[in-house]
Amino acid sequence: YLLQLYQPLNVFGFVYRGVKEALNEMERMFELLSVNQEVQDAPDARPLVCAGGEVRFDGVRFAYDPRRPILQGLDFTVPAGHTVAVVGPTGAGKSTLSRLLYRFYDTTQGRILIDGQDVRAVTQESLRAAIGIVPQDTVLFNDTIRYNIAYGWPGADQAELDRVAEAAQIATFIRGLPDGWDTMVGERGLKLSGGEKQRVAIARTLLKNPPILILDEATSALDTHTEREIQAALRDAARGRTTLVIAHRLSTVVDADEIIVMDAGRIVERGSHAVLLARGGAYAALWARQQEATLAGP
Ligand code: ATP
């Protein structure tokens with residue numbers, strides 16, 4: 001009885017989730033592909049000259065809607081080749097930082113500098129060539145795993161593909177697929193798990209080989225084993241690059257050179273993991289909450 005009643009609802013829920021997921025994916029595609037009309041190259045824009053890739057946020061204020069300020073004056077520097085992780089409660093404005101650095105939007109006040117050059121003064125093409133993004137959720141194409149990893153770099157040879165797959169910890173997975181590199185993935189092929197998709201994104205980014213890296217960590221919890229593999233892959237990817245980690249799970253922040261704790265568009269704490277834990281403030285509280293959640297299981 002109850003079961004009979006429950007099942008159609010369940011089927012409906014399943015279909016609904018499918019549609020909703022597809023819509024979310026489309027939104028993300030738009031976010032990735034759409035060119036914000038307001039952001040255009042300055043008439044005298046020059047190509048970015050990226051030496052070490054130092055990233056500096058200088059008095060950055062930002063609002064999507066002028067009535068609702070999101071970032072309220074941020075100052076921080078990611079020295080060339082170093083890693084800075086940004087943590088904080090949901091809605092604090094963490095992902096907004098990466099959108100501003102990639103120049104999907106311009107700051108309302110203040111500047112963002114890469115090796116001393118204002119991102120508004122350089123061509124968008126050169127800016128985006130210098131920055132690799134591993135997004136929260138990667139959009140896969142209905143094509144082979146080879147196409148998906150080599151996306152943007154069709155000329156990549158097999159040796160290069162093997163190298164990046166190895167570094168992204170997805171080589172063993174690919175070797176185990178029925179058709180290896182030629183296995184179809186995506187909606188109409190093999191469905192990859194969240195962790196596998198993230199590793200595809202890491203491999204893709206390694207192929208691009210950008211001096212600056214933005215890691216927008218997935219919100220969803222992964223099992224401990226996957227989490228470790230991804231952490232290792234991310235650590236590898238970050239080596240030698242200026243890296244901004246937008247951390248939703250705190251798993252990748254422990255080794256960061258500096259951790260920035262944001263709340264409501266402001267920096268409320270900063271320092272290394274050890275220093276912030278010892279201080280017993282906002283970061284320590286976030287950390288404790290996360291440890292509890294991990295122990296309780298997903
Ligand atoms: P989370 O950890 O949940 O991903 P976050 O710290 O990354 O959160 P952001 O995505 O930077 O938060 O969003 C900060 C605020 O800006 C949120 O309140 C959000 O609602 C708002 N916001 C984000 N994108 C837009 C947009 N395109 N238009 C208007 N408001 C937006």
# chains A, B, ... in the order shown; residues from 1 in each chain; ligands from 1

$ closest_atom_pairs --of "chain A" --to "ligand 1" --cutoff "6 Å" --atoms "only C-alpha atoms and all ligand atoms" --output "Markdown table"
| residue | atom | partner | partner_atom_place_in_ligand_line | distance |
| --- | --- | --- | --- | --- |
| A:Tyr64 | CA | ligand 1 | 29 (C) | 4.8 |
| A:Ile70 | CA | ligand 1 | 16 (O) | 5.7 |
| A:Pro89 | CA | ligand 1 | 2 (O) | 6.0 |
| A:Thr90 | CA | ligand 1 | 3 (O) | 3.6 |
| A:Gly91 | CA | ligand 1 | 12 (O) | 3.6 |
| A:Ala92 | CA | ligand 1 | 6 (O) | 3.8 |
| A:Gly93 | CA | ligand 1 | 11 (O) | 3.1 |
| A:Lys94 | CA | ligand 1 | 6 (O) | 3.7 |
| A:Ser95 | CA | ligand 1 | 7 (O) | 3.6 |
| A:Thr96 | CA | ligand 1 | 11 (O) | 3.7 |
| A:His248 | CA | ligand 1 | 2 (O) | 5.6 |

$ write_last_selection --atoms "N, CA and C atoms" --output "short mmCIF file (atom, residue, chain, number, x, y, z; two decimals), in the first residue's frame"
data_model
loop_
_atom_site.label_atom_id
_atom_site.label_comp_id
_atom_site.auth_asym_id
_atom_site.auth_seq_id
_atom_site.Cartn_x
_atom_site.Cartn_y
_atom_site.Cartn_z
N TYR A 64 27.11 42.28 -7.22
CA TYR A 64 26.42 41.89 -8.46
C TYR A 64 25.30 42.90 -8.70
N ILE A 70 28.76 42.51 -1.94
CA ILE A 70 29.18 41.13 -1.67
C ILE A 70 30.60 41.13 -1.09
N PRO A 89 31.92 30.56 5.51
CA PRO A 89 30.58 29.99 5.36
C PRO A 89 30.02 30.22 3.96
N THR A 90 29.02 29.44 3.62
CA THR A 90 28.38 29.56 2.32
C THR A 90 27.84 30.98 2.12
N GLY A 91 28.07 31.50 0.93
CA GLY A 91 27.60 32.84 0.63
C GLY A 91 28.56 33.95 1.03
N ALA A 92 29.72 33.58 1.59
CA ALA A 92 30.69 34.58 2.05
C ALA A 92 31.31 35.37 0.90
N GLY A 93 31.26 34.78 -0.31
CA GLY A 93 31.82 35.48 -1.47
C GLY A 93 33.08 34.82 -2.02
N LYS A 94 33.31 33.56 -1.64
CA LYS A 94 34.54 32.87 -2.04
C LYS A 94 34.62 32.66 -3.55
N SER A 95 33.58 32.09 -4.13
CA SER A 95 33.60 31.81 -5.57
C SER A 95 33.61 33.11 -6.37
N THR A 96 33.06 34.16 -5.79
CA THR A 96 33.06 35.47 -6.47
C THR A 96 34.49 35.92 -6.75
N HIS A 248 35.65 24.48 0.00
CA HIS A 248 34.34 24.28 0.62
C HIS A 248 34.41 23.18 1.67
#

$ residues_around --residues "Ile149 of chain A" --least-positions-apart "2" --cutoff "6 Å" --atoms "only C-alpha atoms" --output "list in words"
Arg146, Tyr147, Tyr151, Val200 and Arg204 of chain A

$ write_last_selection --atoms "C-alpha atoms" --output "PDB file, in the first residue's frame"
ATOM      1  CA  ARG A 146      40.229  11.459 -24.772  1.00  0.00           C
ATOM      2  CA  TYR A 147      38.193  14.305 -26.282  1.00  0.00           C
ATOM      3  CA  TYR A 151      39.402  19.591 -24.866  1.00  0.00           C
ATOM      4  CA  VAL A 200      39.171  14.896 -15.697  1.00  0.00           C
ATOM      5  CA  ARG A 204      42.507  19.067 -18.667  1.00  0.00           C
TER       6      ARG A 204
END

$ atom_distance --atom1 "atom CA of Phe141 of chain A" --atom2 "atom CA of Arg199 of chain A"
14.9 Å

$ closest_residue --among "A:Ile170, A:Ala130, A:Val185, A:Val164" --to "Asn148 of chain A" --atoms "only C-alpha atoms"
A:Val185

$ atom_distance --atom1 "atom CA of Glu160 of chain A" --atom2 "atom CA of His225 of chain A"
26.2 Å

$ closest_residue --among "A:Ala42, A:Val254, A:Leu177, A:Ala293" --to "Ala274 of chain A" --atoms "only C-alpha atoms"
A:Val254

$ closest_residue --among "A:Ser98, A:Gln231, A:Thr144, A:Thr138" --to "Ser193 of chain A" --atoms "only C-alpha atoms"
A:Thr138

$ closest_residue --among "A:Asp263, A:Asp236, A:Glu258, A:Glu292" --to "Gly73 of chain A" --atoms "only C-alpha atoms"
A:Asp263

$ select_by_dssp --residues "segment 38-246 of chain A" --states "helix (DSSP H, G or I)" --output "VMD selection string"
chain A and resid 94 to 101 124 to 130 145 to 149 158 to 167 171 to 175 180 to 182 194 to 208 224 to 238

$ closest_residue --among "A:Asp106, A:Asp255, A:Asp179, A:Glu269" --to "Gly88 of chain A" --atoms "only C-alpha atoms"
A:Glu269

$ residues_around --residues "segment 109-118 of chain A" --least-positions-apart "5" --cutoff "7 Å" --atoms "only C-alpha atoms" --output "PDB file with N, CA and C atoms, in the first residue's frame"
ATOM      1  N   CYS A  50      53.099  37.509 -18.066  1.00  0.00           N
ATOM      2  CA  CYS A  50      53.071  36.748 -16.830  1.00  0.00           C
ATOM      3  C   CYS A  50      54.475  36.245 -16.524  1.00  0.00           C
ATOM      4  N   ALA A  51      55.055  36.790 -15.467  1.00  0.00           N
ATOM      5  CA  ALA A  51      56.399  36.333 -15.090  1.00  0.00           C
ATOM      6  C   ALA A  51      56.235  35.176 -14.103  1.00  0.00           C
ATOM      7  N   GLY A  53      53.530  35.132 -11.918  1.00  0.00           N
ATOM      8  CA  GLY A  53      52.095  34.969 -11.740  1.00  0.00           C
ATOM      9  C   GLY A  53      51.618  35.381 -10.357  1.00  0.00           C
ATOM     10  N   GLU A  54      52.226  36.439  -9.786  1.00  0.00           N
ATOM     11  CA  GLU A  54      51.740  36.940  -8.494  1.00  0.00           C
ATOM     12  C   GLU A  54      50.340  37.527  -8.664  1.00  0.00           C
ATOM     13  N   VAL A  55      49.434  37.163  -7.766  1.00  0.00           N
ATOM     14  CA  VAL A  55      48.058  37.663  -7.835  1.00  0.00           C
ATOM     15  C   VAL A  55      47.808  38.565  -6.631  1.00  0.00           C
ATOM     16  N   ARG A  56      47.320  39.769  -6.885  1.00  0.00           N
ATOM     17  CA  ARG A  56      47.083  40.683  -5.768  1.00  0.00           C
ATOM     18  C   ARG A  56      45.691  41.293  -5.839  1.00  0.00           C
ATOM     19  N   PHE A  57      44.935  41.141  -4.770  1.00  0.00           N
ATOM     20  CA  PHE A  57      43.649  41.824  -4.611  1.00  0.00           C
ATOM     21  C   PHE A  57      43.915  43.067  -3.777  1.00  0.00           C
ATOM     22  N   ASP A  58      43.589  44.222  -4.335  1.00  0.00           N
ATOM     23  CA  ASP A  58      43.950  45.479  -3.691  1.00  0.00           C
ATOM     24  C   ASP A  58      42.682  46.305  -3.448  1.00  0.00           C
ATOM     25  N   GLY A  59      42.203  46.282  -2.215  1.00  0.00           N
ATOM     26  CA  GLY A  59      41.009  47.050  -1.853  1.00  0.00           C
ATOM     27  C   GLY A  59      39.781  46.692  -2.680  1.00  0.00           C
ATOM     28  N   VAL A  60      39.596  45.405  -2.930  1.00  0.00           N
ATOM     29  CA  VAL A  60      38.529  44.981  -3.844  1.00  0.00           C
ATOM     30  C   VAL A  60      37.153  45.003  -3.178  1.00  0.00           C
ATOM     31  N   ARG A  61      36.273  45.764  -3.806  1.00  0.00           N
ATOM     32  CA  ARG A  61      34.870  45.760  -3.420  1.00  0.00           C
ATOM     33  C   ARG A  61      34.071  45.323  -4.630  1.00  0.00           C
ATOM     34  N   PHE A  62      32.981  44.586  -4.367  1.00  0.00           N
ATOM     35  CA  PHE A  62      32.197  44.114  -5.488  1.00  0.00           C
ATOM     36  C   PHE A  62      30.755  43.844  -5.085  1.00  0.00           C
ATOM     37  N   LEU A 101      38.774  37.326 -10.684  1.00  0.00           N
ATOM     38  CA  LEU A 101      40.139  37.108 -11.176  1.00  0.00           C
ATOM     39  C   LEU A 101      40.111  36.705 -12.650  1.00  0.00           C
TER      40      LEU A 101
END

$ closest_residue --among "A:Met184, A:Ala121, A:Ala167, A:Leu161" --to "Asp143 of chain A" --atoms "only C-alpha atoms"
A:Met184

$ residues_around --residues "Arg249 of chain A" --least-positions-apart "2" --cutoff "12 Å" --atoms "only C-alpha atoms" --output "PDB file with N, CA and C atoms, in the first residue's frame"
ATOM      1  N   ALA A  85      44.476  29.638   0.328  1.00  0.00           N
ATOM      2  CA  ALA A  85      43.161  29.006   0.363  1.00  0.00           C
ATOM      3  C   ALA A  85      42.164  29.964   1.003  1.00  0.00           C
ATOM      4  N   VAL A  86      40.977  30.023   0.441  1.00  0.00           N
ATOM      5  CA  VAL A  86      39.932  30.882   0.980  1.00  0.00           C
ATOM      6  C   VAL A  86      38.837  29.991   1.542  1.00  0.00           C
ATOM      7  N   VAL A  87      38.511  30.195   2.805  1.00  0.00           N
ATOM      8  CA  VAL A  87      37.454  29.412   3.428  1.00  0.00           C
ATOM      9  C   VAL A  87      36.424  30.366   4.036  1.00  0.00           C
ATOM     10  N   GLY A  88      35.310  29.819   4.431  1.00  0.00           N
ATOM     11  CA  GLY A  88      34.285  30.647   5.054  1.00  0.00           C
ATOM     12  C   GLY A  88      32.916  30.072   4.779  1.00  0.00           C
ATOM     13  N   PRO A  89      31.921  30.558   5.507  1.00  0.00           N
ATOM     14  CA  PRO A  89      30.580  29.995   5.356  1.00  0.00           C
ATOM     15  C   PRO A  89      30.020  30.216   3.957  1.00  0.00           C
ATOM     16  N   THR A  90      29.017  29.444   3.620  1.00  0.00           N
ATOM     17  CA  THR A  90      28.381  29.562   2.321  1.00  0.00           C
ATOM     18  C   THR A  90      27.835  30.977   2.122  1.00  0.00           C
ATOM     19  N   GLN A 136      33.967  23.572  -9.664  1.00  0.00           N
ATOM     20  CA  GLN A 136      33.268  22.705  -8.702  1.00  0.00           C
ATOM     21  C   GLN A 136      32.710  21.471  -9.386  1.00  0.00           C
ATOM     22  N   ASP A 216      38.340  25.421  -7.502  1.00  0.00           N
ATOM     23  CA  ASP A 216      37.067  25.641  -6.824  1.00  0.00           C
ATOM     24  C   ASP A 216      36.594  24.269  -6.378  1.00  0.00           C
ATOM     25  N   GLU A 217      36.867  23.990  -5.140  1.00  0.00           N
ATOM     26  CA  GLU A 217      36.625  22.655  -4.603  1.00  0.00           C
ATOM     27  C   GLU A 217      35.130  22.327  -4.596  1.00  0.00           C
ATOM     28  N   ALA A 218      34.808  21.075  -4.878  1.00  0.00           N
ATOM     29  CA  ALA A 218      33.402  20.671  -4.877  1.00  0.00           C
ATOM     30  C   ALA A 218      32.826  20.731  -3.462  1.00  0.00           C
ATOM     31  N   THR A 219      31.559  21.105  -3.378  1.00  0.00           N
ATOM     32  CA  THR A 219      30.896  21.212  -2.085  1.00  0.00           C
ATOM     33  C   THR A 219      30.592  19.833  -1.522  1.00  0.00           C
ATOM     34  N   SER A 220      30.245  18.917  -2.426  1.00  0.00           N
ATOM     35  CA  SER A 220      29.772  17.607  -1.991  1.00  0.00           C
ATOM     36  C   SER A 220      30.881  16.809  -1.309  1.00  0.00           C
ATOM     37  N   ALA A 221      30.492  16.022  -0.363  1.00  0.00           N
ATOM     38  CA  ALA A 221      31.451  15.186   0.354  1.00  0.00           C
ATOM     39  C   ALA A 221      31.837  14.004  -0.530  1.00  0.00           C
ATOM     40  N   LEU A 222      33.110  13.656  -0.509  1.00  0.00           N
ATOM     41  CA  LEU A 222      33.574  12.481  -1.247  1.00  0.00           C
ATOM     42  C   LEU A 222      34.008  11.460  -0.205  1.00  0.00           C
ATOM     43  N   GLU A 227      38.759  11.284  -1.771  1.00  0.00           N
ATOM     44  CA  GLU A 227      39.215  12.563  -1.251  1.00  0.00           C
ATOM     45  C   GLU A 227      40.746  12.622  -1.240  1.00  0.00           C
ATOM     46  N   GLN A 231      43.092  15.015  -3.453  1.00  0.00           N
ATOM     47  CA  GLN A 231      44.020  15.906  -2.755  1.00  0.00           C
ATOM     48  C   GLN A 231      45.423  15.771  -3.325  1.00  0.00           C
ATOM     49  N   VAL A 245      42.857  28.522  -3.843  1.00  0.00           N
ATOM     50  CA  VAL A 245      41.934  27.425  -3.572  1.00  0.00           C
ATOM     51  C   VAL A 245      40.669  27.992  -2.944  1.00  0.00           C
ATOM     52  N   ILE A 246      39.549  27.774  -3.580  1.00  0.00           N
ATOM     53  CA  ILE A 246      38.271  28.139  -2.989  1.00  0.00           C
ATOM     54  C   ILE A 246      37.800  26.874  -2.284  1.00  0.00           C
ATOM     55  N   ALA A 247      37.962  26.854  -0.989  1.00  0.00           N
ATOM     56  CA  ALA A 247      37.760  25.602  -0.271  1.00  0.00           C
ATOM     57  C   ALA A 247      36.374  25.525   0.350  1.00  0.00           C
ATOM     58  N   SER A 251      39.571  20.318   3.131  1.00  0.00           N
ATOM     59  CA  SER A 251      40.505  19.193   3.033  1.00  0.00           C
ATOM     60  C   SER A 251      41.795  19.603   2.345  1.00  0.00           C
ATOM     61  N   THR A 252      41.732  20.584   1.464  1.00  0.00           N
ATOM     62  CA  THR A 252      42.913  20.955   0.692  1.00  0.00           C
ATOM     63  C   THR A 252      43.657  22.146   1.294  1.00  0.00           C
ATOM     64  N   VAL A 253      43.174  22.662   2.411  1.00  0.00           N
ATOM     65  CA  VAL A 253      43.738  23.917   2.897  1.00  0.00           C
ATOM     66  C   VAL A 253      44.912  23.731   3.849  1.00  0.00           C
ATOM     67  N   VAL A 254      45.008  22.543   4.439  1.00  0.00           N
ATOM     68  CA  VAL A 254      45.990  22.326   5.505  1.00  0.00           C
ATOM     69  C   VAL A 254      47.400  22.737   5.088  1.00  0.00           C
ATOM     70  N   LEU A 286      35.152  26.313  12.315  1.00  0.00           N
ATOM     71  CA  LEU A 286      34.813  25.651  11.054  1.00  0.00           C
ATOM     72  C   LEU A 286      35.429  24.262  11.005  1.00  0.00           C
ATOM     73  N   TRP A 287      36.676  24.202  11.418  1.00  0.00           N
ATOM     74  CA  TRP A 287      37.426  22.945  11.392  1.00  0.00           C
ATOM     75  C   TRP A 287      36.780  21.904  12.304  1.00  0.00           C
ATOM     76  N   ALA A 288      36.434  22.330  13.505  1.00  0.00           N
ATOM     77  CA  ALA A 288      35.819  21.414  14.474  1.00  0.00           C
ATOM     78  C   ALA A 288      34.497  20.884  13.926  1.00  0.00           C
ATOM     79  N   ARG A 289      33.727  21.773  13.327  1.00  0.00           N
ATOM     80  CA  ARG A 289      32.431  21.369  12.784  1.00  0.00           C
ATOM     81  C   ARG A 289      32.619  20.344  11.672  1.00  0.00           C
ATOM     82  N   GLN A 290      33.639  20.583  10.852  1.00  0.00           N
ATOM     83  CA  GLN A 290      33.880  19.666   9.743  1.00  0.00           C
ATOM     84  C   GLN A 290      34.349  18.298  10.236  1.00  0.00           C
ATOM     85  N   GLN A 291      35.188  18.295  11.275  1.00  0.00           N
ATOM     86  CA  GLN A 291      35.663  17.022  11.827  1.00  0.00           C
ATOM     87  C   GLN A 291      34.483  16.216  12.355  1.00  0.00           C
ATOM     88  N   ALA A 293      31.388  16.409  11.349  1.00  0.00           N
ATOM     89  CA  ALA A 293      30.599  15.946  10.210  1.00  0.00           C
ATOM     90  C   ALA A 293      31.258  14.737   9.569  1.00  0.00           C
ATOM     91  N   THR A 294      32.597  14.747   9.495  1.00  0.00           N
ATOM     92  CA  THR A 294      33.324  13.640   8.878  1.00  0.00           C
ATOM     93  C   THR A 294      33.164  12.382   9.720  1.00  0.00           C
TER      94      THR A 294
END

$ atom_distance --atom1 "atom CA of Thr123 of chain A" --atom2 "atom CA of Leu48 of chain A"
6.9 Å

$ select_by_dssp --residues "segment 66-218 of chain A" --states "strand (DSSP E or B)" --output "VMD selection string"
chain A and resid 68 71 to 78 83 to 87 109 to 114 117 to 118 122 131 to 134 143 to 144 184 to 185 190 212 to 216

$ decode --residues "segment 82-108 of chain A" --atoms "N, CA and C atoms" --output "mmCIF file, in the first residue's frame"
data_model
loop_
_atom_site.group_PDB
_atom_site.id
_atom_site.type_symbol
_atom_site.label_atom_id
_atom_site.label_comp_id
_atom_site.auth_asym_id
_atom_site.auth_seq_id
_atom_site.Cartn_x
_atom_site.Cartn_y
_atom_site.Cartn_z
ATOM 1 N N HIS A 82 52.931 30.326 -4.933
ATOM 2 C CA HIS A 82 52.404 29.946 -3.623
ATOM 3 C C HIS A 82 50.924 29.587 -3.699
ATOM 4 N N THR A 83 50.420 29.040 -2.577
ATOM 5 C CA THR A 83 49.019 28.650 -2.508
ATOM 6 C C THR A 83 48.309 29.398 -1.385
ATOM 7 N N VAL A 84 47.228 30.055 -1.739
ATOM 8 C CA VAL A 84 46.376 30.683 -0.726
ATOM 9 C C VAL A 84 45.007 30.023 -0.816
ATOM 10 N N ALA A 85 44.476 29.638 0.328
ATOM 11 C CA ALA A 85 43.161 29.006 0.363
ATOM 12 C C ALA A 85 42.164 29.964 1.003
ATOM 13 N N VAL A 86 40.977 30.023 0.441
ATOM 14 C CA VAL A 86 39.932 30.882 0.980
ATOM 15 C C VAL A 86 38.837 29.991 1.542
ATOM 16 N N VAL A 87 38.511 30.195 2.805
ATOM 17 C CA VAL A 87 37.454 29.412 3.428
ATOM 18 C C VAL A 87 36.424 30.366 4.036
ATOM 19 N N GLY A 88 35.310 29.819 4.431
ATOM 20 C CA GLY A 88 34.285 30.647 5.054
ATOM 21 C C GLY A 88 32.916 30.072 4.779
ATOM 22 N N PRO A 89 31.921 30.558 5.507
ATOM 23 C CA PRO A 89 30.580 29.995 5.356
ATOM 24 C C PRO A 89 30.020 30.216 3.957
ATOM 25 N N THR A 90 29.017 29.444 3.620
ATOM 26 C CA THR A 90 28.381 29.562 2.321
ATOM 27 C C THR A 90 27.835 30.977 2.122
ATOM 28 N N GLY A 91 28.067 31.497 0.931
ATOM 29 C CA GLY A 91 27.598 32.845 0.630
ATOM 30 C C GLY A 91 28.560 33.946 1.031
ATOM 31 N N ALA A 92 29.717 33.581 1.586
ATOM 32 C CA ALA A 92 30.692 34.581 2.049
ATOM 33 C C ALA A 92 31.308 35.368 0.895
ATOM 34 N N GLY A 93 31.259 34.783 -0.306
ATOM 35 C CA GLY A 93 31.820 35.478 -1.471
ATOM 36 C C GLY A 93 33.080 34.820 -2.019
ATOM 37 N N LYS A 94 33.309 33.556 -1.639
ATOM 38 C CA LYS A 94 34.544 32.867 -2.043
ATOM 39 C C LYS A 94 34.620 32.658 -3.553
ATOM 40 N N SER A 95 33.575 32.088 -4.127
ATOM 41 C CA SER A 95 33.603 31.815 -5.569
ATOM 42 C C SER A 95 33.608 33.109 -6.371
ATOM 43 N N THR A 96 33.058 34.163 -5.793
ATOM 44 C CA THR A 96 33.059 35.469 -6.466
ATOM 45 C C THR A 96 34.493 35.919 -6.751
ATOM 46 N N LEU A 97 35.416 35.598 -5.841
ATOM 47 C CA LEU A 97 36.820 35.961 -6.049
ATOM 48 C C LEU A 97 37.353 35.385 -7.354
ATOM 49 N N SER A 98 37.034 34.106 -7.619
ATOM 50 C CA SER A 98 37.558 33.483 -8.826
ATOM 51 C C SER A 98 36.907 34.090 -10.067
ATOM 52 N N ARG A 99 35.638 34.464 -9.972
ATOM 53 C CA ARG A 99 34.973 35.094 -11.126
ATOM 54 C C ARG A 99 35.589 36.451 -11.436
ATOM 55 N N LEU A 100 36.022 37.156 -10.394
ATOM 56 C CA LEU A 100 36.642 38.467 -10.612
ATOM 57 C C LEU A 100 38.051 38.312 -11.190
ATOM 58 N N LEU A 101 38.774 37.326 -10.684
ATOM 59 C CA LEU A 101 40.139 37.108 -11.176
ATOM 60 C C LEU A 101 40.111 36.705 -12.650
ATOM 61 N N TYR A 102 39.163 35.893 -13.026
ATOM 62 C CA TYR A 102 39.015 35.452 -14.417
ATOM 63 C C TYR A 102 38.348 36.540 -15.259
ATOM 64 N N ARG A 103 37.927 37.562 -14.611
ATOM 65 C CA ARG A 103 37.264 38.742 -15.193
ATOM 66 C C ARG A 103 35.951 38.417 -15.901
ATOM 67 N N PHE A 104 35.133 37.612 -15.228
ATOM 68 C CA PHE A 104 33.751 37.472 -15.669
ATOM 69 C C PHE A 104 33.014 38.758 -15.296
ATOM 70 N N TYR A 105 33.511 39.399 -14.233
ATOM 71 C CA TYR A 105 32.964 40.676 -13.767
ATOM 72 C C TYR A 105 34.122 41.592 -13.424
ATOM 73 N N ASP A 106 33.844 42.891 -13.419
ATOM 74 C CA ASP A 106 34.849 43.848 -12.962
ATOM 75 C C ASP A 106 34.540 44.280 -11.539
ATOM 76 N N THR A 107 35.594 44.618 -10.805
ATOM 77 C CA THR A 107 35.403 45.060 -9.426
ATOM 78 C C THR A 107 34.632 46.385 -9.410
ATOM 79 N N THR A 108 33.931 46.637 -8.341
ATOM 80 C CA THR A 108 33.239 47.909 -8.186
ATOM 81 C C THR A 108 34.244 48.966 -7.733
#
